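This is structure.cif. It holds mmCIF, C-alpha atoms.
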data_model
loop_
_atom_site.group_PDB
_atom_site.id
_atom_site.type_symbol
_atom_site.label_atom_id
_atom_site.label_comp_id
_atom_site.auth_asym_id
_atom_site.auth_seq_id
_atom_site.Cartn_x
_atom_site.Cartn_y
_atom_site.Cartn_z
ATOM 1 C CA MET A 1 23.763 -90.515 18.519
ATOM 2 C CA MET A 2 22.836 -89.655 22.105
ATOM 3 C CA ARG A 3 25.546 -87.895 24.119
ATOM 4 C CA LEU A 4 26.401 -89.860 27.256
ATOM 5 C CA PRO A 5 28.565 -89.098 30.308
ATOM 6 C CA PRO A 6 32.134 -90.416 29.936
ATOM 7 C CA LEU A 7 31.929 -92.124 33.322
ATOM 8 C CA LEU A 8 29.092 -93.502 35.412
ATOM 9 C CA MET A 9 29.255 -94.990 38.867
ATOM 10 C CA GLY A 10 27.970 -98.554 38.602
ATOM 11 C CA CYS A 11 25.976 -100.309 41.306
ATOM 12 C CA SER A 12 26.670 -104.003 40.696
ATOM 13 C CA PRO A 13 28.660 -104.378 43.944
ATOM 14 C CA PHE A 14 25.747 -102.866 45.883
ATOM 15 C CA ILE A 15 23.493 -105.796 44.976
ATOM 16 C CA GLY A 16 26.173 -108.453 45.411
ATOM 17 C CA ALA A 17 26.205 -109.308 41.705
ATOM 18 C CA GLY A 18 27.509 -112.776 40.897
ATOM 19 C CA GLN A 19 30.514 -111.666 38.846
ATOM 20 C CA PHE A 20 32.353 -110.814 42.056
ATOM 21 C CA GLY A 21 32.537 -114.447 43.080
ATOM 22 C CA ALA A 22 33.382 -115.018 46.730
ATOM 23 C CA LYS A 23 33.107 -111.280 47.414
ATOM 24 C CA SER A 24 29.481 -111.094 46.284
ATOM 25 C CA LEU A 25 28.008 -111.992 49.668
ATOM 26 C CA LEU A 26 30.370 -109.593 51.419
ATOM 27 C CA TYR A 27 29.299 -106.750 49.146
ATOM 28 C CA TYR A 28 25.622 -107.635 49.570
ATOM 29 C CA GLN A 29 25.961 -107.475 53.336
ATOM 30 C CA ARG A 30 28.065 -104.321 53.295
ATOM 31 C CA PHE A 31 25.868 -102.342 50.933
ATOM 32 C CA TYR A 32 22.441 -103.787 50.138
ATOM 33 C CA LEU A 33 21.761 -104.607 53.803
ATOM 34 C CA ASN A 34 23.327 -101.333 54.965
ATOM 35 C CA PRO A 35 21.994 -98.582 52.677
ATOM 36 C CA GLU A 36 23.895 -95.825 54.471
ATOM 37 C CA ASN A 37 27.114 -97.259 53.009
ATOM 38 C CA MET A 38 25.650 -96.771 49.531
ATOM 39 C CA VAL A 39 24.614 -93.214 50.386
ATOM 40 C CA ARG A 40 28.145 -92.445 51.594
ATOM 41 C CA LEU A 41 29.728 -93.623 48.343
ATOM 42 C CA PHE A 42 27.202 -91.779 46.197
ATOM 43 C CA LEU A 43 28.008 -88.592 48.115
ATOM 44 C CA LYS A 44 31.749 -89.144 47.690
ATOM 45 C CA SER A 45 31.255 -89.749 43.967
ATOM 46 C CA PHE A 46 29.416 -86.426 43.646
ATOM 47 C CA GLU A 47 32.240 -84.743 45.562
ATOM 48 C CA LEU A 48 34.777 -86.215 43.121
ATOM 49 C CA GLY A 49 32.845 -84.930 40.143
ATOM 50 C CA VAL A 50 31.075 -88.066 38.924
ATOM 51 C CA ASP A 51 27.340 -87.503 39.287
ATOM 52 C CA ALA A 52 26.210 -90.026 36.675
ATOM 53 C CA VAL A 53 25.000 -93.400 37.950
ATOM 54 C CA GLN A 54 24.132 -96.687 36.300
ATOM 55 C CA LEU A 55 21.462 -97.737 38.745
ATOM 56 C CA LEU A 56 20.107 -101.172 39.635
ATOM 57 C CA ALA A 57 17.465 -102.529 42.028
ATOM 58 C CA ASP A 58 15.304 -100.998 44.726
ATOM 59 C CA ARG A 59 17.549 -100.149 47.686
ATOM 60 C CA PRO A 60 20.180 -98.433 45.541
ATOM 61 C CA ILE A 61 17.329 -96.256 44.181
ATOM 62 C CA ASP A 62 16.391 -95.143 47.682
ATOM 63 C CA ALA A 63 20.046 -94.590 48.611
ATOM 64 C CA LEU A 64 20.640 -92.429 45.535
ATOM 65 C CA ILE A 65 17.491 -90.400 46.223
ATOM 66 C CA GLU A 66 18.764 -89.795 49.760
ATOM 67 C CA ALA A 67 22.243 -88.827 48.526
ATOM 68 C CA SER A 68 20.684 -86.422 46.043
ATOM 69 C CA ARG A 69 18.536 -84.890 48.796
ATOM 70 C CA ARG A 70 21.493 -84.386 51.141
ATOM 71 C CA SER A 71 23.827 -82.976 48.511
ATOM 72 C CA GLY A 72 21.452 -81.020 46.307
ATOM 73 C CA VAL A 73 22.980 -82.810 43.297
ATOM 74 C CA LYS A 74 20.657 -84.044 40.553
ATOM 75 C CA PRO A 75 22.434 -87.139 39.203
ATOM 76 C CA TYR A 76 22.343 -88.326 35.619
ATOM 77 C CA VAL A 77 20.641 -91.717 35.936
ATOM 78 C CA VAL A 78 20.710 -94.722 33.643
ATOM 79 C CA TYR A 79 18.489 -97.476 35.043
ATOM 80 C CA SER A 80 18.009 -101.020 33.758
ATOM 81 C CA THR A 81 15.138 -103.312 34.678
ATOM 82 C CA HIS A 82 13.526 -106.598 33.651
ATOM 83 C CA LEU A 83 10.097 -105.528 34.955
ATOM 84 C CA SER A 84 7.007 -104.998 32.826
ATOM 85 C CA GLY A 85 3.450 -103.773 33.145
ATOM 86 C CA ARG A 86 2.258 -102.648 36.560
ATOM 87 C CA ALA A 87 5.521 -103.589 38.272
ATOM 88 C CA LEU A 88 7.485 -101.451 35.797
ATOM 89 C CA ARG A 89 5.179 -98.484 36.398
ATOM 90 C CA GLU A 90 5.596 -98.884 40.158
ATOM 91 C CA ILE A 91 9.402 -98.879 39.965
ATOM 92 C CA LEU A 92 9.399 -95.903 37.588
ATOM 93 C CA ASN A 93 7.145 -94.015 40.003
ATOM 94 C CA ARG A 94 9.625 -94.795 42.755
ATOM 95 C CA LEU A 95 12.453 -93.611 40.518
ATOM 96 C CA SER A 96 10.664 -90.424 39.445
ATOM 97 C CA PRO A 97 12.397 -88.049 41.934
ATOM 98 C CA LEU A 98 15.645 -88.758 40.057
ATOM 99 C CA GLU A 99 14.113 -88.109 36.594
ATOM 100 C CA PRO A 100 16.202 -90.805 34.856
ATOM 101 C CA GLU A 101 17.679 -89.915 31.495
ATOM 102 C CA VAL A 102 17.721 -93.510 30.223
ATOM 103 C CA VAL A 103 15.753 -96.600 31.235
ATOM 104 C CA ALA A 104 16.998 -99.786 29.614
ATOM 105 C CA VAL A 105 15.330 -103.153 29.191
ATOM 106 C CA HIS A 106 17.486 -105.649 31.085
ATOM 107 C CA ALA A 107 19.609 -108.213 29.262
ATOM 108 C CA GLU A 108 17.615 -111.159 30.600
ATOM 109 C CA VAL A 109 14.704 -109.847 28.528
ATOM 110 C CA ALA A 110 16.522 -108.228 25.614
ATOM 111 C CA ASP A 111 18.811 -111.154 24.835
ATOM 112 C CA ARG A 112 15.805 -113.405 24.180
ATOM 113 C CA GLY A 113 15.150 -111.455 20.991
ATOM 114 C CA ASP A 114 11.428 -110.951 21.621
ATOM 115 C CA VAL A 115 10.521 -107.690 19.874
ATOM 116 C CA ASP A 116 7.061 -107.482 21.449
ATOM 117 C CA ALA A 117 8.374 -107.995 24.988
ATOM 118 C CA ILE A 118 10.906 -105.201 24.545
ATOM 119 C CA ALA A 119 8.440 -102.903 22.764
ATOM 120 C CA ARG A 120 5.836 -103.201 25.545
ATOM 121 C CA ARG A 121 8.403 -102.105 28.107
ATOM 122 C CA LEU A 122 9.674 -99.263 25.943
ATOM 123 C CA GLU A 123 6.132 -97.899 25.590
ATOM 124 C CA VAL A 124 5.884 -97.559 29.365
ATOM 125 C CA ILE A 125 9.371 -96.056 29.603
ATOM 126 C CA GLU A 126 8.444 -93.445 26.999
ATOM 127 C CA GLU A 127 5.368 -92.470 29.016
ATOM 128 C CA TYR A 128 7.682 -91.497 31.866
ATOM 129 C CA GLY A 129 9.795 -89.240 29.668
ATOM 130 C CA ALA A 130 12.992 -91.308 29.669
ATOM 131 C CA CYS A 131 14.977 -92.396 26.638
ATOM 132 C CA GLY A 132 14.633 -96.082 25.897
ATOM 133 C CA GLY A 133 17.603 -98.396 25.997
ATOM 134 C CA VAL A 134 18.577 -102.044 25.992
ATOM 135 C CA ALA A 135 21.155 -103.898 28.057
ATOM 136 C CA THR A 136 22.804 -107.015 26.678
ATOM 137 C CA HIS A 137 25.128 -109.755 27.868
ATOM 138 C CA ARG A 138 25.525 -110.978 24.280
ATOM 139 C CA PRO A 139 26.583 -107.898 22.309
ATOM 140 C CA GLY A 140 27.926 -109.882 19.377
ATOM 141 C CA MET A 141 24.428 -111.222 18.707
ATOM 142 C CA THR A 142 21.970 -108.757 20.248
ATOM 143 C CA ILE A 143 23.424 -105.533 18.832
ATOM 144 C CA PRO A 144 23.289 -106.691 15.178
ATOM 145 C CA TRP A 145 19.736 -107.924 15.818
ATOM 146 C CA LEU A 146 18.759 -104.520 17.273
ATOM 147 C CA GLU A 147 20.149 -102.847 14.168
ATOM 148 C CA ARG A 148 17.679 -104.841 12.063
ATOM 149 C CA VAL A 149 14.471 -104.432 14.061
ATOM 150 C CA GLU A 150 12.351 -101.325 14.558
ATOM 151 C CA LEU A 151 12.562 -100.400 18.227
ATOM 152 C CA PRO A 152 12.682 -96.857 19.665
ATOM 153 C CA ILE A 153 15.984 -97.133 21.513
ATOM 154 C CA LYS A 154 18.919 -94.744 21.712
ATOM 155 C CA VAL A 155 21.306 -96.481 24.101
ATOM 156 C CA VAL A 156 22.818 -99.942 24.505
ATOM 157 C CA LEU A 157 24.608 -101.139 27.647
ATOM 158 C CA ALA A 158 27.124 -103.821 26.723
ATOM 159 C CA PRO A 159 30.122 -105.540 28.327
ATOM 160 C CA LEU A 160 33.397 -104.272 26.894
ATOM 161 C CA ASN A 161 36.866 -105.015 28.225
ATOM 162 C CA ARG A 162 40.319 -105.957 26.963
ATOM 163 C CA VAL A 163 40.109 -109.624 27.995
ATOM 164 C CA GLY A 164 36.657 -110.332 26.553
ATOM 165 C CA TYR A 165 35.062 -111.050 29.932
ATOM 166 C CA ALA A 166 31.289 -111.567 29.514
ATOM 167 C CA MET A 167 31.473 -110.551 25.845
ATOM 168 C CA GLU A 168 29.313 -113.227 24.226
ATOM 169 C CA PRO A 169 29.341 -115.104 21.924
ATOM 170 C CA SER A 170 32.969 -114.070 21.356
ATOM 171 C CA PHE A 171 35.313 -111.149 21.910
ATOM 172 C CA ASP A 172 35.777 -110.459 18.198
ATOM 173 C CA GLU A 173 32.070 -110.579 17.307
ATOM 174 C CA SER A 174 31.158 -108.396 20.270
ATOM 175 C CA LEU A 175 33.852 -105.823 19.564
ATOM 176 C CA GLU A 176 32.847 -105.563 15.915
ATOM 177 C CA ALA A 177 29.184 -105.139 16.847
ATOM 178 C CA ILE A 178 30.043 -102.406 19.352
ATOM 179 C CA ARG A 179 32.272 -100.605 16.846
ATOM 180 C CA ARG A 180 29.515 -100.571 14.231
ATOM 181 C CA CYS A 181 26.658 -99.767 16.618
ATOM 182 C CA ARG A 182 24.546 -96.773 15.603
ATOM 183 C CA PHE A 183 23.208 -96.329 19.134
ATOM 184 C CA GLY A 184 25.017 -94.721 22.021
ATOM 185 C CA VAL A 185 26.966 -97.429 23.888
ATOM 186 C CA ILE A 186 27.742 -97.519 27.607
ATOM 187 C CA ALA A 187 30.477 -100.039 28.374
ATOM 188 C CA ILE A 188 29.754 -102.205 31.397
ATOM 189 C CA LYS A 189 32.225 -104.545 33.107
ATOM 190 C CA PRO A 190 35.190 -102.463 31.840
ATOM 191 C CA LEU A 191 37.451 -103.823 34.595
ATOM 192 C CA ALA A 192 36.300 -107.407 33.951
ATOM 193 C CA ALA A 193 35.090 -107.794 37.556
ATOM 194 C CA GLY A 194 38.441 -106.678 38.979
ATOM 195 C CA ARG A 195 40.677 -108.623 36.609
ATOM 196 C CA LEU A 196 42.155 -105.483 35.033
ATOM 197 C CA LYS A 197 43.966 -102.430 36.338
ATOM 198 C CA PRO A 198 41.863 -99.300 35.797
ATOM 199 C CA LEU A 199 44.220 -97.332 33.548
ATOM 200 C CA GLU A 200 44.844 -100.128 31.045
ATOM 201 C CA ALA A 201 41.153 -101.000 31.143
ATOM 202 C CA PHE A 202 39.930 -97.504 30.306
ATOM 203 C CA ARG A 203 42.600 -96.940 27.658
ATOM 204 C CA PHE A 204 41.070 -99.898 25.834
ATOM 205 C CA VAL A 205 37.401 -99.069 26.426
ATOM 206 C CA TYR A 206 37.601 -95.422 25.351
ATOM 207 C CA ARG A 207 39.119 -96.437 22.015
ATOM 208 C CA TYR A 208 35.706 -97.796 21.061
ATOM 209 C CA VAL A 209 33.031 -96.013 23.125
ATOM 210 C CA GLY A 210 32.700 -92.685 24.873
ATOM 211 C CA SER A 211 30.952 -93.874 28.021
ATOM 212 C CA ALA A 212 31.633 -96.501 30.693
ATOM 213 C CA ALA A 213 30.091 -97.567 34.004
ATOM 214 C CA VAL A 214 32.262 -98.964 36.776
ATOM 215 C CA GLY A 215 31.381 -100.221 40.255
ATOM 216 C CA VAL A 216 33.468 -99.199 43.246
ATOM 217 C CA VAL A 217 33.409 -100.392 46.853
ATOM 218 C CA SER A 218 35.526 -97.832 48.748
ATOM 219 C CA GLU A 219 36.573 -94.198 48.608
ATOM 220 C CA GLY A 220 40.163 -95.179 47.857
ATOM 221 C CA GLU A 221 39.108 -97.431 44.990
ATOM 222 C CA MET A 222 36.861 -94.667 43.716
ATOM 223 C CA ARG A 223 39.671 -92.107 43.622
ATOM 224 C CA GLU A 224 42.030 -94.480 41.806
ATOM 225 C CA THR A 225 39.406 -95.607 39.292
ATOM 226 C CA TYR A 226 38.030 -92.162 38.517
ATOM 227 C CA GLU A 227 41.485 -90.677 38.029
ATOM 228 C CA ALA A 228 42.436 -93.535 35.696
ATOM 229 C CA ALA A 229 39.276 -93.037 33.651
ATOM 230 C CA ARG A 230 39.843 -89.301 33.371
ATOM 231 C CA ARG A 231 43.462 -89.798 32.363
ATOM 232 C CA ALA A 232 42.603 -92.372 29.694
ATOM 233 C CA TYR A 233 39.757 -90.260 28.335
ATOM 234 C CA ARG A 234 41.930 -87.148 28.242
ATOM 235 C CA GLU A 235 44.775 -88.982 26.476
ATOM 236 C CA LEU A 236 42.499 -90.234 23.736
ATOM 237 C CA ARG A 237 40.876 -86.846 23.226
ATOM 238 C CA LEU A 238 44.284 -85.206 22.879
ATOM 239 C CA LYS A 239 45.370 -87.894 20.436
ATOM 240 C CA ALA A 240 42.229 -87.333 18.368
ATOM 241 C CA LEU A 241 42.895 -83.575 18.287
ATOM 242 C CA ASP A 242 46.490 -84.125 17.196
ATOM 243 C CA GLU A 243 45.397 -86.457 14.397
ATOM 244 C CA SER A 244 42.697 -84.076 13.205
ATOM 245 C CA GLY A 245 45.066 -81.085 13.304
#

Would it be possible to restate this file's structure as structure tokens?
Amino acid sequence: MMRLPPLLMGCSPFIGAGQFGAKSLLYYQRFYLNPENMVRLFLKSFELGVDAVQLLADRPIDALIEASRRSGVKPYVVYSTHLSGRALREILNRLSPLEPEVVAVHAEVADRGDVDAIARRLEVIEEYGACGGVATHRPGMTIPWLERVELPIKVVLAPLNRVGYAMEPSFDESLEAIRRCRFGVIAIKPLAAGRLKPLEAFRFVYRYVGSAAVGVVSEGEMRETYEAARRAYRELRLKALDESG
């Protein structure tokens, strides 16, 4: 199984993703329309020791490239995209200064269950030297399907949180699929779009997977969230050592 960073900085707020409800437009205006605000948070994340990023969309790419240039930090990048063919090659060329570790086929493609559509994208991704992955919004269905088909993937991005937010078709089916998954799993939506406190959220997530991506919108939120993740991860590692000893 591929080794993944315990914590990645997510970029969903930067594109005004719909899960943030009434705040989505505010985040879009604050970040997507003002790239320097993205650069500032990337730089702060590097300073706080989290240099892994789950990257989305075009302007966040440019902002991360700029943050990397200013800081001299080479981030660990996981990128997900729905694009194919020429458009996929163009975005991967744009992304090439960051040398992404993982490029995942977006859930809007993967969750349709079309092997050929996923395979065509993975062929291009492999050409660029990245590991292939798949993102899903329906882990309880898509992960078991991926286990049955022959696709060259190593990583799955899947929603995982204590309240079952966005875990389709059900919390129980999704959790079981994630537990059994033979691929590396990056938990997305671990805070359930702000519904959960960070410490309780990460204590749950790290029981099942070793990697999670979380979006942040301020330096204060970043400090609180990162410290909670580190504490939860450390607690579970110590518990595992005690049980093994």

Excluding segment 195-197 of chain A and its own-chain neighbours fewer than 6 positions away, which residues fall within 9 Å of it when counting all atoms listed in the file? Please give them as a ChimeraX atom specification. /A:161-163,225

Any idea what the distance is between atom CA of Leu7 of chain A and atom CA of Ala52 of chain A?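 That distance, rounded to one decimal, is 7.0 Å.
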
Run the PyMOL selection byres ((chain A and resi 15-29) around 9) on the file and write out the hits as an MDAnalysis selection string. chainID A and resid 11:14 30:34 56:57 59:60 192:194 217

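Across the structure, atom CA of Arg138 of chain A and atom CA of Pro169 of chain A are spaced 6.1 Å apart.
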
With the PyMOL selection byres ((chain A and resi 228-244) around 12) as the selection, what would be picked from this file? Answer as a PyMOL selection string, please. chain A and resi 5-9+48-50+190-191+196-214+221-227+245

Smallest atom-to-atom distance to Arg179 of chain A: which of A:Val216, A:Glu150, A:Pro139, A:Ala107, using only C-alpha atoms? A:Pro139

For the atom pair atom CA of Leu98 of chain A and atom CA of Ile178 of chain A, what is the interatomic distance in Å to one decimal place? 28.7 Å

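Comparing the minimum interatomic distances between Lys189 of chain A and each of A:Met141, A:Gly10, A:Leu175, A:Glu99, counting all atoms listed in the file, we find that A:Gly10 sits nearest.
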
I'd like the residues picked by the PyMOL selection byres ((chain A and resi 97) around 12) written out as a list in words, using the chain letters and numbers from the file.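 Selected by the PyMOL selection byres ((chain A and resi 97) around 12) in this file: Ile61, Asp62, Leu64, Ile65, Glu66, Ala67, Ser68, Arg69, Val73, Lys74, Pro75, Tyr76, Val77, Ile91, Leu92, Asn93, Arg94, Leu95, Ser96, Leu98, Glu99, Pro100, Glu101 and Tyr128 of chain A.
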
Could you check which residues have any atom within 12 Å of (16.0, -99.6, 29.2), counting only C-alpha atoms with coordinates taken straight from the file, and then list them as JSON, numbers by chain? {"A": [54, 55, 56, 77, 78, 79, 80, 81, 82, 83, 84, 88, 92, 100, 101, 102, 103, 104, 105, 106, 107, 108, 109, 110, 118, 119, 120, 121, 122, 123, 124, 125, 126, 128, 130, 131, 132, 133, 134, 135, 136, 151, 152, 153, 154, 155, 156, 157]}

With C-alpha atoms retained, export the selected residues as an mmCIF file, keeping the file's coordinate frame.
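Produced file selection_33.cif, reproduced below:
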data_model
loop_
_atom_site.group_PDB
_atom_site.id
_atom_site.type_symbol
_atom_site.label_atom_id
_atom_site.label_comp_id
_atom_site.auth_asym_id
_atom_site.auth_seq_id
_atom_site.Cartn_x
_atom_site.Cartn_y
_atom_site.Cartn_z
ATOM 1 C CA GLN A 54 24.132 -96.687 36.300
ATOM 2 C CA LEU A 55 21.462 -97.737 38.745
ATOM 3 C CA LEU A 56 20.107 -101.172 39.635
ATOM 4 C CA VAL A 77 20.641 -91.717 35.936
ATOM 5 C CA VAL A 78 20.710 -94.722 33.643
ATOM 6 C CA TYR A 79 18.489 -97.476 35.043
ATOM 7 C CA SER A 80 18.009 -101.020 33.758
ATOM 8 C CA THR A 81 15.138 -103.312 34.678
ATOM 9 C CA HIS A 82 13.526 -106.598 33.651
ATOM 10 C CA LEU A 83 10.097 -105.528 34.955
ATOM 11 C CA SER A 84 7.007 -104.998 32.826
ATOM 12 C CA LEU A 88 7.485 -101.451 35.797
ATOM 13 C CA LEU A 92 9.399 -95.903 37.588
ATOM 14 C CA PRO A 100 16.202 -90.805 34.856
ATOM 15 C CA GLU A 101 17.679 -89.915 31.495
ATOM 16 C CA VAL A 102 17.721 -93.510 30.223
ATOM 17 C CA VAL A 103 15.753 -96.600 31.235
ATOM 18 C CA ALA A 104 16.998 -99.786 29.614
ATOM 19 C CA VAL A 105 15.330 -103.153 29.191
ATOM 20 C CA HIS A 106 17.486 -105.649 31.085
ATOM 21 C CA ALA A 107 19.609 -108.213 29.262
ATOM 22 C CA GLU A 108 17.615 -111.159 30.600
ATOM 23 C CA VAL A 109 14.704 -109.847 28.528
ATOM 24 C CA ALA A 110 16.522 -108.228 25.614
ATOM 25 C CA ILE A 118 10.906 -105.201 24.545
ATOM 26 C CA ALA A 119 8.440 -102.903 22.764
ATOM 27 C CA ARG A 120 5.836 -103.201 25.545
ATOM 28 C CA ARG A 121 8.403 -102.105 28.107
ATOM 29 C CA LEU A 122 9.674 -99.263 25.943
ATOM 30 C CA GLU A 123 6.132 -97.899 25.590
ATOM 31 C CA VAL A 124 5.884 -97.559 29.365
ATOM 32 C CA ILE A 125 9.371 -96.056 29.603
ATOM 33 C CA GLU A 126 8.444 -93.445 26.999
ATOM 34 C CA TYR A 128 7.682 -91.497 31.866
ATOM 35 C CA ALA A 130 12.992 -91.308 29.669
ATOM 36 C CA CYS A 131 14.977 -92.396 26.638
ATOM 37 C CA GLY A 132 14.633 -96.082 25.897
ATOM 38 C CA GLY A 133 17.603 -98.396 25.997
ATOM 39 C CA VAL A 134 18.577 -102.044 25.992
ATOM 40 C CA ALA A 135 21.155 -103.898 28.057
ATOM 41 C CA THR A 136 22.804 -107.015 26.678
ATOM 42 C CA LEU A 151 12.562 -100.400 18.227
ATOM 43 C CA PRO A 152 12.682 -96.857 19.665
ATOM 44 C CA ILE A 153 15.984 -97.133 21.513
ATOM 45 C CA LYS A 154 18.919 -94.744 21.712
ATOM 46 C CA VAL A 155 21.306 -96.481 24.101
ATOM 47 C CA VAL A 156 22.818 -99.942 24.505
ATOM 48 C CA LEU A 157 24.608 -101.139 27.647
#

Residue with smallest distance to Met2 of chain A - pool A:Gly113, A:Gly72, A:Gly184, A:Gly164, counting only C-alpha atoms: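 Residue with the minimum atom-to-atom distance to Met2 of chain A: A:Gly184.
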
Of the candidates A:Ile186, A:Glu168, A:Gly140, A:Val53, which shows the shortest atom-to-atom distance to Leu4 of chain A, using only C-alpha atoms? A:Ile186

Go through A:Pro144, A:Met167, A:His137, A:Asp58 one by one, measure the shortest atom-to-atom distance of each to Phe183 of chain A using all atoms listed in the file, and give the residue with the smallest value.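 Answer, going by the shortest atom-to-atom distance: A:Pro144.
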
Would you give the centre and edge lengths, in Å to one decimal, of a box along x, y and z around the listed atoms of segment 185-188 of chain A, with 4 Å added to each side, as lines of an AutoDock Vina configuration file?
center_x = 28.7
center_y = -99.8
center_z = 27.6
size_x = 11.5
size_y = 12.8
size_z = 15.5

Compare A:Val39, A:Leu146, A:Ala87, A:Ile188 by their minimum atom-to-atom distance to Ser71 of chain A, counting all atoms listed in the file, and give me the closest one.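 Closest to Ser71 of chain A of all the choices is A:Val39.
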